[in-house]
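Novice: So that you have it, the file is final39.cif, and it contains mmCIF, C-alpha atoms and all ligand atoms:
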data_upload
loop_
_atom_site.label_atom_id
_atom_site.label_comp_id
_atom_site.auth_asym_id
_atom_site.auth_seq_id
_atom_site.Cartn_x
_atom_site.Cartn_y
_atom_site.Cartn_z
CA MET D 1 -8.53 3.23 26.76
CA THR D 2 -8.83 6.99 26.67
CA VAL D 3 -6.62 8.75 24.19
CA LYS D 4 -5.32 12.03 25.48
CA LYS D 5 -6.54 14.83 23.28
CA ILE D 6 -4.61 17.99 22.78
CA THR D 7 -6.66 21.11 22.97
CA TRP D 8 -6.08 24.16 20.88
CA LYS D 9 -5.38 26.16 24.04
CA SER D 10 -2.86 23.75 25.53
CA LEU D 11 -1.09 23.55 22.21
CA MET D 12 -0.84 27.29 21.89
CA LEU D 13 0.56 27.56 25.40
CA SER D 14 3.08 24.82 24.83
CA CYS D 15 4.14 26.45 21.60
CA TYR D 16 4.76 29.78 23.21
CA ASN D 17 6.49 28.32 26.26
CA SER D 18 8.69 25.76 24.63
CA LYS D 19 12.36 26.56 24.36
CA ASP D 20 12.85 23.59 22.10
CA ILE D 21 10.81 24.72 19.17
CA ILE D 22 12.68 24.16 15.95
CA SER D 23 13.75 27.37 14.31
CA PRO D 24 14.30 27.71 10.55
CA SER D 25 18.04 27.76 10.99
CA ASP D 26 17.87 24.48 12.91
CA SER D 27 16.45 22.50 10.06
CA GLY D 28 19.68 20.82 8.98
CA GLU D 29 21.04 17.31 9.55
CA LYS D 30 20.60 17.39 13.32
CA ASP D 31 16.83 17.86 13.22
CA SER D 32 15.97 14.28 13.87
CA LYS D 33 13.48 14.95 16.66
CA PRO D 34 9.99 16.30 16.25
CA CYS D 35 9.00 19.47 18.14
CA GLN D 36 9.33 18.78 21.84
CA PHE D 37 5.71 19.62 22.56
CA GLN D 38 3.19 16.88 21.99
CA ARG D 39 2.62 16.37 18.32
CA LEU D 40 -0.70 17.51 16.93
CA SER D 41 -2.53 14.61 15.29
CA MET D 42 -4.94 14.48 12.40
CA SER D 43 -7.82 13.77 14.77
CA ASP D 44 -7.22 17.09 16.54
CA VAL D 45 -8.15 18.85 13.35
CA SER D 46 -10.63 16.51 11.66
CA ASP D 47 -12.56 15.68 14.86
CA ARG D 48 -15.64 17.92 14.88
CA SER D 49 -15.63 18.18 18.67
CA SER D 50 -12.13 19.63 18.54
CA PRO D 51 -11.96 23.40 18.81
CA LEU D 52 -9.12 23.41 16.31
CA SER D 53 -10.00 24.21 12.72
CA VAL D 54 -7.97 24.47 9.58
CA ASP D 55 -8.13 28.25 9.79
CA ASP D 56 -6.11 28.01 13.00
CA LEU D 57 -3.34 26.00 11.37
CA SER D 58 -0.97 28.87 10.79
CA THR D 59 -0.90 29.61 14.49
CA SER D 60 -1.28 26.08 15.83
CA LEU D 61 1.78 24.92 13.90
CA LEU D 62 3.67 27.97 15.02
CA GLY D 63 6.69 25.99 16.18
CA SER D 64 7.13 24.48 12.75
CA ASN D 65 7.89 27.76 10.96
CA LEU D 66 5.69 26.93 8.01
CA HIS D 67 5.08 29.89 5.75
CA VAL D 68 1.54 30.68 4.67
CA PHE D 69 1.74 31.83 1.06
CA THR D 70 -0.84 33.73 -0.92
CA PHE D 71 -1.91 32.26 -4.23
CA ALA D 72 -0.60 35.39 -5.96
CA GLU D 73 2.87 34.72 -4.49
CA LEU D 74 2.83 31.16 -5.78
CA ARG D 75 1.72 32.36 -9.19
CA LEU D 76 4.67 34.70 -9.19
CA ILE D 77 7.30 32.11 -8.23
CA THR D 78 6.07 29.52 -10.76
CA HIS D 79 5.61 32.00 -13.64
CA ASN D 80 1.89 31.54 -13.42
CA PHE D 81 2.18 27.74 -13.12
CA ALA D 82 3.85 27.60 -16.51
CA ARG D 83 3.86 24.27 -18.32
CA CYS D 84 7.61 24.47 -18.79
CA ASN D 85 7.94 24.48 -14.98
CA LEU D 86 5.93 21.27 -14.59
CA LEU D 87 7.98 18.63 -12.72
CA GLY D 88 5.40 15.87 -12.73
CA GLU D 89 1.89 14.98 -11.73
CA GLY D 90 0.52 12.48 -9.23
CA GLY D 91 -2.81 11.72 -7.56
CA PHE D 92 -2.77 15.03 -5.70
CA GLY D 93 -2.25 17.21 -8.73
CA PRO D 94 0.52 18.87 -10.76
CA VAL D 95 3.91 19.77 -9.26
CA TYR D 96 5.75 22.86 -10.55
CA LYS D 97 9.24 24.15 -10.04
CA GLY D 98 9.36 27.63 -8.56
CA PHE D 99 12.02 29.98 -7.36
CA ILE D 100 11.78 32.00 -4.17
CA ASP D 101 13.99 35.08 -4.13
CA ASP D 102 15.20 36.69 -0.94
CA LYS D 103 12.70 39.52 -1.27
CA LEU D 104 9.57 37.34 -1.08
CA ARG D 105 9.57 36.88 2.69
CA PRO D 106 11.86 38.16 5.43
CA GLY D 107 13.67 35.16 6.91
CA LEU D 108 13.04 32.93 3.91
CA LYS D 109 16.21 32.37 1.93
CA ALA D 110 16.37 32.41 -1.86
CA GLN D 111 15.91 28.85 -3.11
CA PRO D 112 14.25 26.66 -5.73
CA VAL D 113 11.05 24.98 -4.53
CA ALA D 114 8.51 22.41 -5.68
CA VAL D 115 4.94 23.70 -5.66
CA LYS D 116 2.24 21.02 -5.52
CA ALA D 117 -1.28 22.22 -6.32
CA LEU D 118 -4.34 20.18 -5.38
CA ASP D 119 -6.36 19.17 -8.39
CA LEU D 120 -9.94 19.75 -7.22
CA TYR D 121 -11.21 17.01 -9.52
CA GLY D 122 -8.38 14.58 -8.72
CA LEU D 123 -8.04 11.47 -6.57
CA GLN D 124 -6.99 13.23 -3.41
CA GLY D 125 -8.44 16.13 -1.54
CA HIS D 126 -8.46 18.46 1.40
CA ARG D 127 -7.81 15.68 3.92
CA GLU D 128 -4.57 14.62 2.22
CA TRP D 129 -3.49 18.25 1.94
CA LEU D 130 -4.14 18.70 5.64
CA ALA D 131 -2.35 15.46 6.58
CA GLU D 132 0.72 16.64 4.72
CA ILE D 133 0.77 19.87 6.73
CA ILE D 134 0.01 18.24 10.06
CA PHE D 135 2.72 15.59 9.70
CA LEU D 136 5.44 17.36 7.74
CA GLY D 137 4.84 20.61 9.63
CA GLN D 138 5.88 18.89 12.82
CA LEU D 139 8.28 16.13 11.86
CA ARG D 140 11.75 17.14 10.81
CA HIS D 141 14.45 14.68 9.81
CA PRO D 142 17.27 14.61 7.24
CA HIS D 143 15.40 11.89 5.34
CA LEU D 144 11.97 13.53 5.22
CA VAL D 145 11.35 16.18 2.59
CA LYS D 146 11.06 19.64 4.07
CA LEU D 147 7.70 21.38 3.78
CA ILE D 148 8.37 25.10 3.50
CA GLY D 149 4.79 26.28 3.55
CA TYR D 150 1.33 26.10 2.12
CA CYS D 151 -1.48 28.13 0.63
CA TYR D 152 -5.15 27.91 1.62
CA GLU D 153 -7.18 30.43 -0.29
CA GLU D 154 -10.75 29.86 -1.48
CA ASP D 155 -10.60 26.61 -3.47
CA ASN D 156 -6.84 26.61 -3.73
CA ARG D 157 -4.84 24.14 -1.65
CA VAL D 158 -1.12 24.23 -2.40
CA LEU D 159 2.00 22.81 -0.74
CA VAL D 160 5.51 24.24 -1.10
CA TYR D 161 8.50 21.93 -0.57
CA GLU D 162 12.25 22.10 -0.83
CA TYR D 163 13.26 21.25 -4.38
CA MET D 164 14.93 17.86 -4.95
CA PRO D 165 16.96 18.10 -8.18
CA ARG D 166 16.91 14.44 -9.23
CA GLY D 167 13.16 14.05 -8.73
CA SER D 168 11.81 10.68 -7.64
CA LEU D 169 13.57 7.34 -7.35
CA GLU D 170 10.94 6.01 -9.74
CA ASN D 171 12.16 8.44 -12.43
CA GLN D 172 15.79 7.57 -11.79
CA LEU D 173 15.45 3.80 -11.58
CA PHE D 174 13.12 3.13 -14.49
CA ARG D 175 14.19 5.79 -16.96
CA ARG D 176 14.98 3.96 -20.18
CA TYR D 177 17.55 5.92 -22.09
CA SER D 178 20.07 6.87 -19.45
CA ALA D 179 22.87 5.27 -17.48
CA PRO D 180 21.53 2.85 -14.86
CA LEU D 181 21.52 3.93 -11.24
CA PRO D 182 24.81 2.55 -9.81
CA TRP D 183 24.76 -0.14 -7.14
CA SER D 184 26.36 2.09 -4.49
CA ALA D 185 23.70 4.77 -5.08
CA ARG D 186 20.96 2.14 -4.76
CA MET D 187 22.35 0.99 -1.42
CA LYS D 188 22.73 4.57 -0.20
CA ILE D 189 19.11 5.31 -1.10
CA ALA D 190 17.84 2.10 0.55
CA LEU D 191 19.64 2.95 3.80
CA ALA D 192 18.47 6.57 3.89
CA ALA D 193 14.86 5.65 3.11
CA ALA D 194 15.00 2.99 5.84
CA LYS D 195 16.27 5.62 8.29
CA GLY D 196 13.36 7.90 7.35
CA LEU D 197 10.81 5.14 8.00
CA ALA D 198 12.56 4.05 11.22
CA PHE D 199 12.36 7.64 12.47
CA LEU D 200 8.60 7.69 11.86
CA HIS D 201 8.02 4.30 13.48
CA GLU D 202 10.18 5.07 16.51
CA ALA D 203 8.72 8.53 17.24
CA ASP D 204 7.04 9.09 20.62
CA LYS D 205 3.76 9.01 18.72
CA PRO D 206 4.59 6.55 15.93
CA VAL D 207 3.55 7.38 12.40
CA ILE D 208 2.67 4.83 9.69
CA PHE D 209 3.62 6.22 6.29
CA ARG D 210 1.17 3.98 4.36
CA ASP D 211 2.25 4.98 0.86
CA PHE D 212 5.90 3.99 0.73
CA LYS D 213 6.91 3.55 -2.92
CA SER D 214 9.66 4.61 -5.31
CA SER D 215 7.74 7.67 -6.55
CA ASN D 216 7.58 8.99 -2.98
CA ILE D 217 11.34 8.85 -2.51
CA LEU D 218 12.95 12.06 -3.71
CA LEU D 219 16.64 12.49 -4.51
CA ASP D 220 19.07 15.37 -4.46
CA SER D 221 22.10 15.66 -6.73
CA ASP D 222 24.22 13.38 -4.44
CA TYR D 223 21.51 10.72 -4.20
CA ASN D 224 20.60 11.82 -0.69
CA CYS D 225 17.05 10.72 -0.34
CA LYS D 226 13.98 12.06 1.42
CA LEU D 227 10.49 10.63 1.85
CA SER D 228 7.64 12.72 0.55
CA ASP D 229 3.83 12.49 0.49
CA PHE D 230 2.30 12.19 3.91
CA GLY D 231 -1.22 12.51 2.53
CA LEU D 232 -2.06 8.94 3.53
CA ALA D 233 0.07 8.83 6.70
CA LYS D 234 -1.66 7.69 9.89
CA ASP D 235 -0.90 7.96 13.55
CA GLY D 236 0.14 4.48 14.69
CA PRO D 237 -1.64 2.39 17.33
CA GLU D 238 -1.47 3.78 20.85
CA GLY D 239 -1.42 2.10 24.24
CA GLU D 240 -2.95 -1.36 24.16
CA GLN D 241 -3.93 -1.17 20.50
CA THR D 242 -2.14 -3.57 18.13
CA HIS D 243 -3.23 -1.86 14.92
CA VAL D 244 -5.32 0.95 13.53
CA THR D 245 -8.28 0.08 11.34
CA THR D 246 -8.64 2.14 8.18
CA ARG D 247 -10.13 2.18 4.76
CA VAL D 248 -7.62 0.35 2.54
CA MET D 249 -5.65 3.00 0.68
CA GLY D 250 -2.23 3.01 -0.86
CA THR D 251 -0.75 1.84 -4.12
CA GLN D 252 -1.25 -1.51 -5.83
CA GLY D 253 1.89 -3.59 -5.78
CA TYR D 254 3.23 -2.00 -2.58
CA ALA D 255 0.48 -2.55 0.02
CA ALA D 256 0.91 -5.43 2.50
CA PRO D 257 -1.39 -8.44 1.97
CA GLU D 258 -2.83 -8.44 5.51
CA TYR D 259 -3.66 -4.74 5.21
CA ILE D 260 -5.47 -5.29 1.91
CA MET D 261 -7.42 -8.23 3.42
CA THR D 262 -8.37 -6.71 6.78
CA GLY D 263 -7.74 -2.95 6.73
CA HIS D 264 -5.57 -3.46 9.83
CA LEU D 265 -2.63 -1.13 9.60
CA THR D 266 0.63 -1.48 11.55
CA THR D 267 4.19 -0.30 11.09
CA MET D 268 4.79 -3.75 9.57
CA SER D 269 2.67 -2.69 6.57
CA ASP D 270 5.35 -0.08 5.84
CA VAL D 271 8.06 -2.76 6.24
CA TYR D 272 6.37 -4.82 3.51
CA SER D 273 6.24 -1.80 1.18
CA PHE D 274 9.89 -1.17 1.97
CA GLY D 275 10.62 -4.77 0.87
CA VAL D 276 8.93 -4.05 -2.46
CA VAL D 277 11.10 -0.96 -3.05
CA LEU D 278 14.20 -2.97 -2.08
CA LEU D 279 13.19 -5.48 -4.71
CA GLU D 280 12.79 -2.71 -7.27
CA LEU D 281 16.30 -1.53 -6.44
CA LEU D 282 17.71 -5.05 -6.81
CA THR D 283 15.93 -5.91 -10.03
CA GLY D 284 15.40 -2.56 -11.76
CA LYS D 285 11.83 -3.77 -12.38
CA ARG D 286 8.59 -2.01 -11.42
CA SER D 287 6.45 -3.53 -8.66
CA VAL D 288 3.63 -4.04 -11.15
CA ASP D 289 4.05 -4.11 -14.91
CA ASN D 290 1.15 -5.30 -17.04
CA SER D 291 3.36 -5.55 -20.09
CA ARG D 292 5.26 -8.47 -18.48
CA PRO D 293 3.99 -12.00 -19.09
CA GLY D 294 1.54 -13.68 -16.64
CA ARG D 295 3.02 -14.29 -13.20
CA GLU D 296 5.87 -11.88 -13.82
CA GLN D 297 3.45 -8.95 -13.75
CA SER D 298 3.68 -8.88 -9.98
CA LEU D 299 7.30 -8.35 -9.06
CA VAL D 300 6.90 -9.92 -5.61
CA GLU D 301 5.26 -13.09 -6.96
CA TRP D 302 7.97 -13.48 -9.57
CA ALA D 303 10.90 -12.72 -7.28
CA ARG D 304 9.95 -14.50 -4.08
CA PRO D 305 11.36 -17.94 -5.06
CA LEU D 306 14.54 -16.32 -6.43
CA LEU D 307 15.14 -14.29 -3.27
CA ARG D 308 15.38 -17.43 -1.17
CA ASP D 309 18.17 -19.00 -3.20
CA PRO D 310 21.55 -17.21 -3.35
CA LYS D 311 22.44 -19.27 -6.46
CA LYS D 312 19.61 -17.60 -8.33
CA LEU D 313 20.86 -14.11 -7.65
CA ASP D 314 21.96 -13.70 -11.26
CA LYS D 315 18.37 -14.12 -12.45
CA LEU D 316 17.21 -11.50 -10.01
CA ILE D 317 19.72 -8.68 -10.24
CA ASP D 318 19.16 -5.82 -12.67
CA ALA D 319 20.95 -6.81 -15.88
CA ARG D 320 21.59 -3.13 -16.59
CA LEU D 321 24.13 -3.15 -13.75
CA GLU D 322 26.30 -5.37 -15.97
CA ARG D 323 27.51 -7.22 -12.89
CA GLN D 324 28.82 -4.02 -11.31
CA PHE D 325 27.59 -4.86 -7.85
CA SER D 326 28.73 -6.50 -4.65
CA ASN D 327 27.84 -10.17 -4.67
CA LYS D 328 27.91 -10.46 -0.89
CA GLY D 329 25.95 -7.25 -0.52
CA ALA D 330 23.31 -8.34 -3.00
CA GLN D 331 22.89 -11.68 -1.21
CA LYS D 332 22.34 -9.90 2.09
CA VAL D 333 19.89 -7.44 0.55
CA ALA D 334 17.97 -10.24 -1.18
CA ALA D 335 17.65 -12.11 2.14
CA LEU D 336 16.48 -8.89 3.80
CA ALA D 337 13.90 -8.20 1.09
CA TYR D 338 12.62 -11.78 1.51
CA LYS D 339 12.07 -11.17 5.24
CA CYS D 340 10.37 -7.80 4.69
CA LEU D 341 8.04 -9.46 2.17
CA SER D 342 6.89 -12.24 4.53
CA HIS D 343 3.18 -12.95 4.04
CA GLN D 344 2.61 -12.59 7.78
CA PRO D 345 3.64 -9.35 9.48
CA LYS D 346 5.28 -11.02 12.52
CA PRO D 347 8.45 -12.40 10.88
CA ARG D 348 9.16 -9.06 9.19
CA PRO D 349 12.04 -7.12 10.75
CA SER D 350 11.53 -3.73 12.38
CA MET D 351 12.77 -0.74 10.39
CA GLY D 352 15.45 -0.28 13.06
CA ASP D 353 16.81 -3.76 12.21
CA VAL D 354 16.55 -3.01 8.50
CA VAL D 355 18.73 0.08 9.03
CA LYS D 356 21.39 -2.03 10.80
CA ILE D 357 21.51 -4.60 8.00
CA LEU D 358 21.63 -2.00 5.23
CA ASP D 359 24.32 -0.11 7.09
CA SER D 360 26.46 -3.23 7.01
CA VAL D 361 26.30 -3.58 3.21
CA GLN D 362 27.46 -0.04 2.39
CA GLY D 363 30.77 -0.07 0.49
CA PHE D 364 31.21 -3.85 0.61
CA GLU D 365 34.73 -4.86 -0.41
CA ASP D 366 33.83 -7.40 -3.04
CA GLU D 367 32.10 -4.62 -4.93
CA PHE D 368 32.21 -4.97 -8.70
CA VAL D 369 33.48 -8.57 -8.71
CA GLY D 370 32.21 -9.25 -12.11
CA PRO D 371 33.93 -8.55 -15.34
CA PHE D 372 32.13 -10.47 -18.06
CA VAL D 373 33.28 -14.06 -17.77
CA TYR D 374 32.88 -16.27 -20.77
CA VAL D 375 33.99 -19.88 -20.50
CA VAL D 376 34.74 -21.89 -23.64
CA PRO D 377 35.39 -25.63 -23.42
CA ASN D 378 38.70 -26.53 -25.08
CA GLU D 379 38.09 -29.55 -27.30
CA THR D 380 41.67 -30.90 -27.26
CA ASP D 381 42.45 -31.32 -23.57
CA GLY D 382 39.13 -30.65 -21.89
CA ASP D 383 40.65 -27.61 -20.27
CA LYS D 384 38.72 -24.38 -20.11
CA GLU D 385 39.83 -21.00 -21.25
CA LEU D 386 38.65 -17.87 -19.58
CA PHE D 387 38.10 -14.66 -21.44
CA THR D 388 37.58 -11.60 -19.38
CA THR D 389 36.85 -8.05 -20.41
CA LYS D 390 39.18 -6.91 -17.65
CA ASP D 391 42.08 -8.83 -16.17
CA CYS D 392 41.21 -7.95 -12.64
CA GLY D 393 38.49 -8.70 -10.17
CA VAL D 394 37.91 -12.39 -10.95
CA GLU D 395 37.53 -14.29 -7.72
CA LYS D 396 38.53 -17.89 -7.07
CA HIS D 397 35.02 -19.00 -6.18
CA GLU D 398 33.78 -17.74 -9.54
CA LEU D 399 36.31 -19.91 -11.37
CA HIS D 400 35.23 -22.83 -9.20
CA ARG D 401 31.68 -22.17 -10.28
CA CYS D 402 32.83 -22.22 -13.90
CA GLY D 403 34.20 -25.74 -13.37
CA TRP D 404 37.91 -24.94 -13.02
CA ARG D 405 40.11 -27.36 -11.10
CA ASN D 406 42.17 -26.11 -8.13
CA ASP D 407 45.46 -26.45 -10.04
CA GLN D 408 44.07 -24.45 -12.96
CA ILE D 409 42.91 -21.72 -10.60
CA ALA D 410 46.32 -21.71 -8.89
CA SER D 411 48.14 -21.29 -12.20
CA PHE D 412 45.68 -18.55 -13.27
CA PHE D 413 46.51 -16.60 -10.15
CA GLY D 414 50.21 -17.35 -10.65
CA SER D 415 50.62 -19.31 -7.41
N1 LIG D 501 10.08 18.26 -3.73
C1 LIG D 501 10.19 17.91 -5.01
N2 LIG D 501 11.29 18.24 -5.72
C2 LIG D 501 11.40 17.87 -7.03
N3 LIG D 501 10.48 17.17 -7.71
C3 LIG D 501 9.35 16.82 -7.05
C4 LIG D 501 9.15 17.16 -5.68
N4 LIG D 501 7.95 16.66 -5.30
C5 LIG D 501 7.45 16.02 -6.36
N5 LIG D 501 8.28 16.12 -7.43
C6 LIG D 501 8.07 15.58 -8.79
O1 LIG D 501 6.69 15.55 -9.07
C7 LIG D 501 6.28 14.23 -9.41
C8 LIG D 501 4.87 14.01 -8.91
O2 LIG D 501 4.91 13.89 -7.50
P1 LIG D 501 3.66 13.47 -6.65
O3 LIG D 501 4.17 13.17 -5.29
O4 LIG D 501 2.61 14.50 -6.76
O5 LIG D 501 3.07 12.20 -7.35
P2 LIG D 501 3.57 10.69 -7.40
O6 LIG D 501 4.39 10.39 -6.18
O7 LIG D 501 4.23 10.46 -8.72
O8 LIG D 501 2.23 9.89 -7.35
P3 LIG D 501 1.27 9.69 -6.10
O9 LIG D 501 0.27 10.76 -6.18
O10 LIG D 501 0.73 8.36 -6.29
O11 LIG D 501 2.12 9.82 -4.86
C9 LIG D 501 7.32 13.32 -8.79
O12 LIG D 501 7.45 12.13 -9.50
C10 LIG D 501 8.59 14.15 -8.87
O13 LIG D 501 9.19 13.96 -10.14
MG MG D 502 4.30 11.17 -4.50
#
Here is a file; write its structure as structure tokens.

Specialist:
Amino acid sequence: MTVKKITWKSLMLSCYNSKDIISPSDSGEKDSKPCQFQRLSMSDVSDRSSPLSVDDLSTSLLGSNLHVFTFAELRLITHNFARCNLLGEGGFGPVYKGFIDDKLRPGLKAQPVAVKALDLYGLQGHREWLAEIIFLGQLRHPHLVKLIGYCYEEDNRVLVYEYMPRGSLENQLFRRYSAPLPWSARMKIALAAAKGLAFLHEADKPVIFRDFKSSNILLDSDYNCKLSDFGLAKDGPEGEQTHVTTRVMGTQGYAAPEYIMTGHLTTMSDVYSFGVVLLELLTGKRSVDNSRPGREQSLVEWARPLLRDPKKLDKLIDARLERQFSNKGAQKVAALAYKCLSHQPKPRPSMGDVVKILDSVQGFEDEFVGPFVYVVPNETDGDKELFTTKDCGVEKHELHRCGWRNDQIASFFGS
């Protein structure tokens, strides 16, 4: 099969001619379609026979409105990459908070930004930097982080993103000394992240994210979530192809088993990783934790048998939620996670189906069924007394589960 290549010239022409190019003011909620011209792929830039080089990026991605910053500008907006502005550090390098004022660039509004600088001696490199620009420069969606621009100057490779005030889901979910992330926020995040992945998988030229994990899900102050880090993203299989073959890359604990074994990458690899994050949201546990005993170190191995059995939900759900969750919703989500985590890719649902299921569990009515229920056997008449921290929200089926007879339940509910 011959894969149609885009030439530098055709791309330039289509950029100039297209009426549908996204403008900066268009980049709000409605931007769920990539630029209407054919999307530039990684191979157009990394393929040596291609006339397109990285120096041409600023013009070739013209329709994307990415700003090309000088290193001096980035130094200015981050106070010389001050330590106190450091937001975090991953495989790519350190991430700093910066502030763009309205005088920096005409047409660029004043706003806080996150500035990610490539660590030349780090795990990632020029290719990941380029992938981020190629993908995020062209794909716009409410649940993908917005790339504002980049810097390419001598050895410096920097990326400038919109600033997400709550940082990553990883920080929010596993932070020790703070209130736990509420159930409704967890479900909102799961749905939004699923929509982001579904958008990538359903694009005209599908994209496989390849590094879906809680640290790559960023949150704003209302728990709106956006996917970040396209450094490992890959164009999906085209035409007759069933998969793309790649070097195995990604993060331990999130990568699909068949991908690790064969290097064959499909959109279903992302669905598996999504299942792992869903499990993290349900349990409040990290996908891999070497401080846990033996088999529990791998979250998936530990949780798989529990996911299958709705009666074991209590063992699975994050204890920090103190039963403040929807029982029905959690059962549905556990069943969904189980499907996403199938050993074989075939039985896994598509991300489109995942979105539908997660949509149906938002704001479930039996939310917060569980005040603390403590049942004490009464020695004199064998009856049971129920102590609750609140007098509301106990459901009949829960009393059944506690061994109450129908007449006792009826009198408890005053009927
Ligand atoms: N746009 C952003 N807004 C706010 N904080 C951000 C933004 N991007 C990244 N961060 C912060 O910087 C941290 C590091 O992010 P980065 O993506 O470089 O690494 P990571 O996801 O933790 O690891 P990995 O390199 O494996 O992806 C994040 O955990 C987050 O707290
Ligand atoms: Mg990341």

Novice: Just want the residues within 6 Å of ligand LIG 501 (chain D), written as a PyMOL selection string, counting all atoms listed in the file.

Specialist: chain D and resi 87-93+95+114+161-165+167-168+215-216+229

Novice: In Å, how far is it from atom CA of Ala110 of chain D to atom CA of Phe81 of chain D?

Specialist: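 Computing it gives 18.7 Å between the two atoms.
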
Novice: Which neighbours of segment 256-261 of chain D fall inside 7 Å, counting all atoms listed in the file, when residues of the same chain fewer than 6 positions from it are skipped, and could you give them as a list in words?

Specialist: Val248, Ser269, Tyr272, Ser273 and His343 of chain D

Novice: Within 8 Å of segment 175-192 of chain D, counting all atoms listed in the file, which residues qualify if same-chain residues fewer than 2 places away don't, as a PyMOL selection string?

Specialist: chain D and resi 143+170-173+194-196+223-226+278+281+320-321+324-326+355+358-359+361-363

Novice: Pick the closest to ligand MG 502 (chain D) from D:Lys103, D:Arg308, D:His67, D:Lys213: which is it, counting all atoms listed in the file?

Specialist: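 Smallest distance to ligand MG 502 (chain D) is found for D:Lys213.
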
Novice: D:Ser360, D:Thr251, D:Ser298, D:Ser350: which is nearest ligand MG 502 (chain D), counting all atoms listed in the file?

Specialist: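 Distance minimum relative to ligand MG 502 (chain D) lands on D:Thr251.
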
Novice: So, with all atoms listed in the file as the atoms that count, which of D:Ile217, D:Phe71, D:Asn80, D:Leu159 lies closest to ligand MG 502 (chain D)?

Specialist: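 Among the listed residues, D:Ile217 lies closest to ligand MG 502 (chain D).
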
Novice: Using all atoms listed in the file, which of D:Pro112, D:Gly231, D:Pro310, D:Gly98 sits nearest Leu76 of chain D?

Specialist: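 So, comparing all the options, the nearest one is D:Gly98.
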
Novice: What lies within 8 Å of Arg286 of chain D using only C-alpha atoms, ignoring chain neighbours under 2 positions off, as a ChimeraX atom specification?

Specialist: /D:174,280,284,288-289,299

Novice: Can you save segment 189-203 of chain D of the given block to a file, including N, CA and C atoms and formatted as a compact mmCIF listing (two decimals), in the first residue's frame?

Specialist:
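Okay, this is what ended up in out_21.txt:
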# COMPACT_ATOMS: atom_id res chain seq x y z
N ILE D 189 -13.40 13.67 35.46
CA ILE D 189 -12.07 13.56 34.85
C ILE D 189 -12.01 12.35 33.91
N ALA D 190 -12.56 11.21 34.39
CA ALA D 190 -12.53 9.99 33.57
C ALA D 190 -13.24 10.24 32.24
N LEU D 191 -14.41 10.89 32.30
CA LEU D 191 -15.19 11.14 31.08
C LEU D 191 -14.43 12.07 30.14
N ALA D 192 -13.88 13.15 30.68
CA ALA D 192 -13.20 14.12 29.83
C ALA D 192 -11.95 13.50 29.19
N ALA D 193 -11.20 12.73 29.97
CA ALA D 193 -10.00 12.10 29.43
C ALA D 193 -10.39 11.10 28.33
N ALA D 194 -11.50 10.39 28.56
CA ALA D 194 -11.98 9.43 27.54
C ALA D 194 -12.35 10.17 26.27
N LYS D 195 -12.97 11.35 26.42
CA LYS D 195 -13.35 12.13 25.23
C LYS D 195 -12.10 12.57 24.46
N GLY D 196 -11.05 12.95 25.20
CA GLY D 196 -9.80 13.36 24.56
C GLY D 196 -9.22 12.21 23.74
N LEU D 197 -9.18 11.02 24.34
CA LEU D 197 -8.62 9.86 23.62
C LEU D 197 -9.51 9.48 22.43
N ALA D 198 -10.83 9.52 22.65
CA ALA D 198 -11.75 9.17 21.56
C ALA D 198 -11.54 10.11 20.37
N PHE D 199 -11.34 11.38 20.66
CA PHE D 199 -11.09 12.36 19.59
C PHE D 199 -9.85 11.96 18.79
N LEU D 200 -8.79 11.57 19.48
CA LEU D 200 -7.56 11.18 18.78
C LEU D 200 -7.78 9.93 17.93
N HIS D 201 -8.48 8.95 18.52
CA HIS D 201 -8.67 7.68 17.81
C HIS D 201 -9.62 7.82 16.62
N GLU D 202 -10.55 8.77 16.73
CA GLU D 202 -11.56 8.89 15.67
C GLU D 202 -11.22 9.95 14.63
N ALA D 203 -10.03 10.54 14.73
CA ALA D 203 -9.63 11.58 13.76
C ALA D 203 -9.48 10.94 12.37
